[in-house]
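As stored in model.txt (compact mmCIF, C-alpha atoms and all ligand atoms):
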# COMPACT_ATOMS: atom_id res chain seq x y z
CA MET A 68 -24.09 171.26 89.76
CA PHE A 69 -26.63 169.44 87.67
CA LYS A 70 -28.03 167.65 90.67
CA THR A 71 -28.61 170.76 92.73
CA LYS A 72 -30.18 172.50 89.79
CA GLU A 73 -32.50 169.56 89.27
CA LEU A 74 -33.33 169.51 92.96
CA LYS A 75 -34.02 173.20 92.96
CA ARG A 76 -36.35 172.84 90.04
CA LYS A 77 -38.17 169.98 91.73
CA ASN A 78 -38.56 172.05 94.85
CA GLU A 79 -39.91 174.93 92.88
CA LEU A 80 -42.37 172.70 91.13
CA ARG A 81 -43.56 171.24 94.40
CA TRP A 82 -43.94 174.69 95.88
CA HIS A 83 -45.90 175.72 92.86
CA ARG A 84 -48.23 172.73 93.10
CA GLU A 85 -48.80 173.26 96.80
CA ASN A 86 -49.53 176.86 96.14
CA ILE A 87 -52.19 175.93 93.60
CA VAL A 88 -53.84 173.59 96.09
CA ARG A 89 -53.67 176.24 98.78
CA ASN A 90 -55.18 178.85 96.51
CA ARG A 91 -57.90 176.49 95.44
CA LYS A 92 -58.82 175.82 99.04
CA ARG A 93 -58.88 179.49 99.81
CA TYR A 94 -60.94 180.18 96.72
CA ALA A 95 -63.47 177.51 97.66
CA TYR A 96 -63.65 178.89 101.18
CA ASN A 97 -64.26 182.43 99.91
CA ALA A 98 -66.89 181.20 97.48
CA ARG A 99 -68.73 179.45 100.31
CA LYS A 100 -68.53 182.57 102.43
CA ARG A 101 -69.88 184.75 99.63
CA ARG A 102 -72.69 182.29 99.07
CA LYS A 103 -73.76 182.65 102.68
CA GLU A 104 -73.55 186.42 102.49
CA TYR A 105 -75.46 186.86 99.26
CA PRO A 106 -77.77 183.87 98.86
CA GLU A 107 -80.10 185.79 96.51
CA LYS A 108 -77.39 186.52 94.04
CA TYR A 109 -76.20 182.95 93.94
CA ARG A 110 -79.65 181.47 93.66
CA ALA A 111 -80.03 182.98 90.21
CA ILE A 112 -76.65 181.63 89.10
CA ASP A 113 -77.46 178.20 90.49
CA GLU A 114 -80.76 178.15 88.68
CA LYS A 115 -79.09 179.10 85.46
CA TYR A 116 -76.68 176.20 85.71
CA ARG A 117 -79.20 173.75 87.04
CA ASP A 118 -81.49 174.50 84.13
CA LYS A 119 -81.31 171.21 82.23
CA THR A 120 -83.09 172.52 79.16
CA ARG A 121 -80.54 175.25 78.77
CA GLN A 122 -77.69 172.78 79.11
CA LYS A 123 -79.21 170.45 76.55
CA VAL A 124 -79.72 173.27 74.10
CA MET A 125 -76.18 174.50 74.60
CA ASN A 126 -74.86 171.00 74.01
CA LYS A 127 -76.88 170.75 70.81
CA VAL A 128 -75.53 174.06 69.59
CA ARG A 129 -71.97 173.06 70.41
CA TRP A 130 -72.44 169.79 68.59
CA ALA A 131 -74.00 171.52 65.58
CA ILE A 132 -71.03 173.86 65.34
CA LYS A 133 -68.61 170.97 65.60
CA THR A 134 -70.33 168.99 62.89
CA GLY A 135 -70.75 172.03 60.65
CA LYS A 136 -74.54 172.14 60.80
CA ILE A 137 -74.41 175.74 61.85
CA THR A 138 -71.58 178.19 61.81
CA LYS A 139 -70.74 180.56 64.57
CA PRO A 140 -69.94 183.91 63.02
CA MET A 141 -66.97 186.05 63.87
CA TYR A 142 -69.05 189.17 64.29
CA CYS A 143 -71.94 190.14 66.48
CA SER A 144 -75.14 189.87 64.44
CA CYS A 145 -76.34 193.13 65.89
CA CYS A 146 -73.47 195.60 65.99
CA GLY A 147 -70.99 193.78 63.76
CA GLU A 148 -68.12 194.01 66.21
CA ILE A 149 -65.65 191.17 66.56
CA ARG A 150 -66.15 190.13 70.13
CA LYS A 151 -66.78 187.12 72.27
CA LEU A 152 -70.24 186.02 71.23
CA ASN A 153 -73.14 184.60 73.17
CA GLY A 154 -75.76 182.47 71.52
CA HIS A 155 -79.23 183.85 72.06
CA HIS A 156 -82.30 181.68 71.70
CA LYS A 157 -85.72 183.09 71.02
CA ASP A 158 -87.16 179.66 71.44
CA TYR A 159 -85.53 176.73 73.17
CA SER A 160 -87.62 174.28 71.19
CA LYS A 161 -85.62 175.38 68.15
CA PRO A 162 -82.12 174.91 69.48
CA LEU A 163 -80.44 175.55 66.15
CA GLU A 164 -82.00 178.95 65.64
CA VAL A 165 -79.31 180.92 67.33
CA LEU A 166 -78.67 184.60 67.22
CA TRP A 167 -75.04 185.36 67.89
CA LEU A 168 -74.63 188.50 69.91
CA CYS A 169 -71.85 190.20 71.77
CA CYS A 170 -72.26 190.68 75.49
CA ALA A 171 -73.42 194.30 75.19
CA CYS A 172 -76.01 193.61 72.50
CA HIS A 173 -77.25 190.56 74.35
CA LYS A 174 -77.71 192.58 77.49
CA PHE A 175 -79.43 195.32 75.51
CA LEU A 176 -81.81 192.83 73.92
CA HIS A 177 -82.81 191.36 77.25
CA THR A 178 -83.12 194.71 78.95
CA TYR A 179 -85.01 196.73 76.34
CA ILE A 180 -86.39 194.50 73.62
CA SER A 181 -87.63 191.45 75.44
CA PRO A 182 -87.20 192.19 79.12
CA LYS A 183 -89.74 189.58 80.13
CA GLN A 184 -87.79 186.79 78.55
CA LYS A 185 -85.47 185.05 80.91
CA ARG A 186 -81.89 185.59 79.95
CA ARG A 187 -80.87 182.92 77.50
ZN ZN A 201 -72.96 193.48 69.46
ZN ZN A 202 -80.31 185.81 75.18

What's the structure tokens form of this structure?
Ligand SMILES: [Zn+2]
Ligand SMILES: [Zn+2]
Amino acid sequence: MFKTKELKRKNELRWHRENIVRNRKRYAYNARKRRKEYPEKYRAIDEKYRDKTRQKVMNKVRWAIKTGKITKPMYCSCCGEIRKLNGHHKDYSKPLEVLWLCCACHKFLHTYISPKQKRR
């Protein structure tokens, strides 16, 4: 009884693992396909992630939070809602001057207040 149960569990686990690999492959395939279909859309995303300055600044902010140099608030600095917050930088040369905004306020800021500024 014990042995078959154990075996069953092992089989299930293996099936599960294979499924993850299969899904991952399919996901990667779909992503490649989408990239070919909408190169414009992906170029912007690529640029965003390839932007080394942005990455460096983000790392600095993360480090500053970890070491207690700055604190990430619970609330959006603009609307005061408790939401997932994005750090907004007015100036990347001052990485620790971060404005913490929720997604909606961040979008609003970039669309209406400083539309010329690249989204940061
Ligand atoms: Zn907000
Ligand atoms: Zn921003």

- prompt: Out of A:Arg102, A:Lys151, A:Lys161, A:Lys123, which residue has the shortest atom-to-atom distance to ligand ZN 201 (chain A) when counting all atoms listed in the file?
  reply: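 Using all atoms listed in the file, the shortest distance to ligand ZN 201 (chain A) belongs to A:Lys151.
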
Test item: residues lying within 12 Å of ligand ZN 201 (chain A) with all atoms listed in the file, as a ChimeraX atom specification: /A:140-155,166-176

field: Closest of A:Arg110, A:Arg101, A:Asp118, A:Val165 to A:Ile132 - atom-to-atom distances counting all atoms listed in the file
entry: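 Closest residue, counting all atoms listed in the file: A:Val165.
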
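With distances restricted to all atoms listed in the file, A:Ile180 is the closest residue to ligand ZN 202 (chain A) from A:Val128, A:Leu74, A:Leu80, A:Ile180.
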
Selected residue of minimal separation from A:Trp130 among A:Arg93, A:Leu163, A:His83, A:Thr178, counting all atoms listed in the file: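 The answer is A:Leu163, which sits nearest to A:Trp130.
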
task: Can you work out the spacing between atom ZN of ligand ZN 202 (chain A) and atom CA of A:Gln122 in Å, to one decimal?
output: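 Distance reported for this atom pair: 13.9 Å.
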
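Distances to ligand ZN 202 (chain A) were evaluated for A:Lys157, A:Pro162, A:Lys103, A:Ile87 using all atoms listed in the file, and the minimum falls at A:Lys157.
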
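We find atom CA of A:Val124 and atom CA of A:Glu164 to be spaced 10.4 Å apart.
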
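Checking A:Ser181, A:Asn126, A:Ser160, A:Thr138 one by one against ligand ZN 202 (chain A), counting all atoms listed in the file, you find the shortest gap at A:Ser181.
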
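Here atom CA of A:Lys127 stands at a distance of 10.8 Å from atom CA of A:Tyr159.
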
Keeping C-alpha atoms, write stretch 126-183 of chain A of the structure just shown out as a PDB file, in the first residue's frame.
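Saved file part22.pdb follows:
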ATOM      1  CA  ASN A 126      19.725  48.755  -7.689  1.00  0.00           C
ATOM      2  CA  LYS A 127      20.776  51.783  -5.672  1.00  0.00           C
ATOM      3  CA  VAL A 128      17.219  52.374  -4.538  1.00  0.00           C
ATOM      4  CA  ARG A 129      16.786  48.733  -3.578  1.00  0.00           C
ATOM      5  CA  TRP A 130      20.023  48.825  -1.642  1.00  0.00           C
ATOM      6  CA  ALA A 131      19.065  52.076   0.087  1.00  0.00           C
ATOM      7  CA  ILE A 132      15.774  50.557   1.198  1.00  0.00           C
ATOM      8  CA  LYS A 133      17.528  47.456   2.466  1.00  0.00           C
ATOM      9  CA  THR A 134      20.055  49.423   4.464  1.00  0.00           C
ATOM     10  CA  GLY A 135      17.445  51.835   5.784  1.00  0.00           C
ATOM     11  CA  LYS A 136      18.774  54.914   4.011  1.00  0.00           C
ATOM     12  CA  ILE A 137      15.380  55.571   2.564  1.00  0.00           C
ATOM     13  CA  THR A 138      12.036  54.110   3.421  1.00  0.00           C
ATOM     14  CA  LYS A 139       9.484  52.972   0.946  1.00  0.00           C
ATOM     15  CA  PRO A 140       6.098  54.182   2.139  1.00  0.00           C
ATOM     16  CA  MET A 141       2.986  52.086   2.315  1.00  0.00           C
ATOM     17  CA  TYR A 142       0.875  54.679   0.554  1.00  0.00           C
ATOM     18  CA  CYS A 143       1.035  56.381  -2.788  1.00  0.00           C
ATOM     19  CA  SER A 144       2.532  59.842  -2.303  1.00  0.00           C
ATOM     20  CA  CYS A 145      -0.056  61.298  -4.624  1.00  0.00           C
ATOM     21  CA  CYS A 146      -3.429  59.741  -3.879  1.00  0.00           C
ATOM     22  CA  GLY A 147      -2.651  58.096  -0.538  1.00  0.00           C
ATOM     23  CA  GLU A 148      -3.986  54.699  -1.526  1.00  0.00           C
ATOM     24  CA  ILE A 149      -2.300  51.540  -0.332  1.00  0.00           C
ATOM     25  CA  ARG A 150      -1.211  49.962  -3.561  1.00  0.00           C
ATOM     26  CA  LYS A 151       1.777  48.463  -5.251  1.00  0.00           C
ATOM     27  CA  LEU A 152       4.123  51.407  -5.633  1.00  0.00           C
ATOM     28  CA  ASN A 153       6.505  52.405  -8.378  1.00  0.00           C
ATOM     29  CA  GLY A 154       9.492  54.577  -7.692  1.00  0.00           C
ATOM     30  CA  HIS A 155       9.525  57.653  -9.880  1.00  0.00           C
ATOM     31  CA  HIS A 156      12.697  59.591 -10.527  1.00  0.00           C
ATOM     32  CA  LYS A 157      12.706  63.184 -11.610  1.00  0.00           C
ATOM     33  CA  ASP A 158      16.411  62.997 -12.054  1.00  0.00           C
ATOM     34  CA  TYR A 159      18.478  59.861 -12.429  1.00  0.00           C
ATOM     35  CA  SER A 160      21.570  61.643 -11.169  1.00  0.00           C
ATOM     36  CA  LYS A 161      19.846  61.768  -7.786  1.00  0.00           C
ATOM     37  CA  PRO A 162      18.935  58.126  -7.390  1.00  0.00           C
ATOM     38  CA  LEU A 163      17.763  58.483  -3.814  1.00  0.00           C
ATOM     39  CA  GLU A 164      15.214  61.170  -4.575  1.00  0.00           C
ATOM     40  CA  VAL A 165      12.347  58.867  -5.238  1.00  0.00           C
ATOM     41  CA  LEU A 166       8.698  59.661  -5.447  1.00  0.00           C
ATOM     42  CA  TRP A 167       6.608  56.639  -4.608  1.00  0.00           C
ATOM     43  CA  LEU A 168       3.511  56.459  -6.732  1.00  0.00           C
ATOM     44  CA  CYS A 169       0.862  53.912  -7.465  1.00  0.00           C
ATOM     45  CA  CYS A 170       0.507  52.718 -11.025  1.00  0.00           C
ATOM     46  CA  ALA A 171      -2.397  55.050 -11.828  1.00  0.00           C
ATOM     47  CA  CYS A 172      -0.730  58.169 -10.442  1.00  0.00           C
ATOM     48  CA  HIS A 173       2.530  57.287 -12.126  1.00  0.00           C
ATOM     49  CA  LYS A 174       0.777  56.936 -15.441  1.00  0.00           C
ATOM     50  CA  PHE A 175      -1.067  60.186 -14.855  1.00  0.00           C
ATOM     51  CA  LEU A 176       2.159  62.010 -14.068  1.00  0.00           C
ATOM     52  CA  HIS A 177       3.845  60.808 -17.217  1.00  0.00           C
ATOM     53  CA  THR A 178       0.832  61.438 -19.395  1.00  0.00           C
ATOM     54  CA  TYR A 179      -0.276  64.869 -18.201  1.00  0.00           C
ATOM     55  CA  ILE A 180       2.351  66.479 -16.022  1.00  0.00           C
ATOM     56  CA  SER A 181       5.618  65.612 -17.682  1.00  0.00           C
ATOM     57  CA  PRO A 182       4.712  63.835 -20.897  1.00  0.00           C
ATOM     58  CA  LYS A 183       8.073  64.567 -22.463  1.00  0.00           C
TER      59      LYS A 183
END
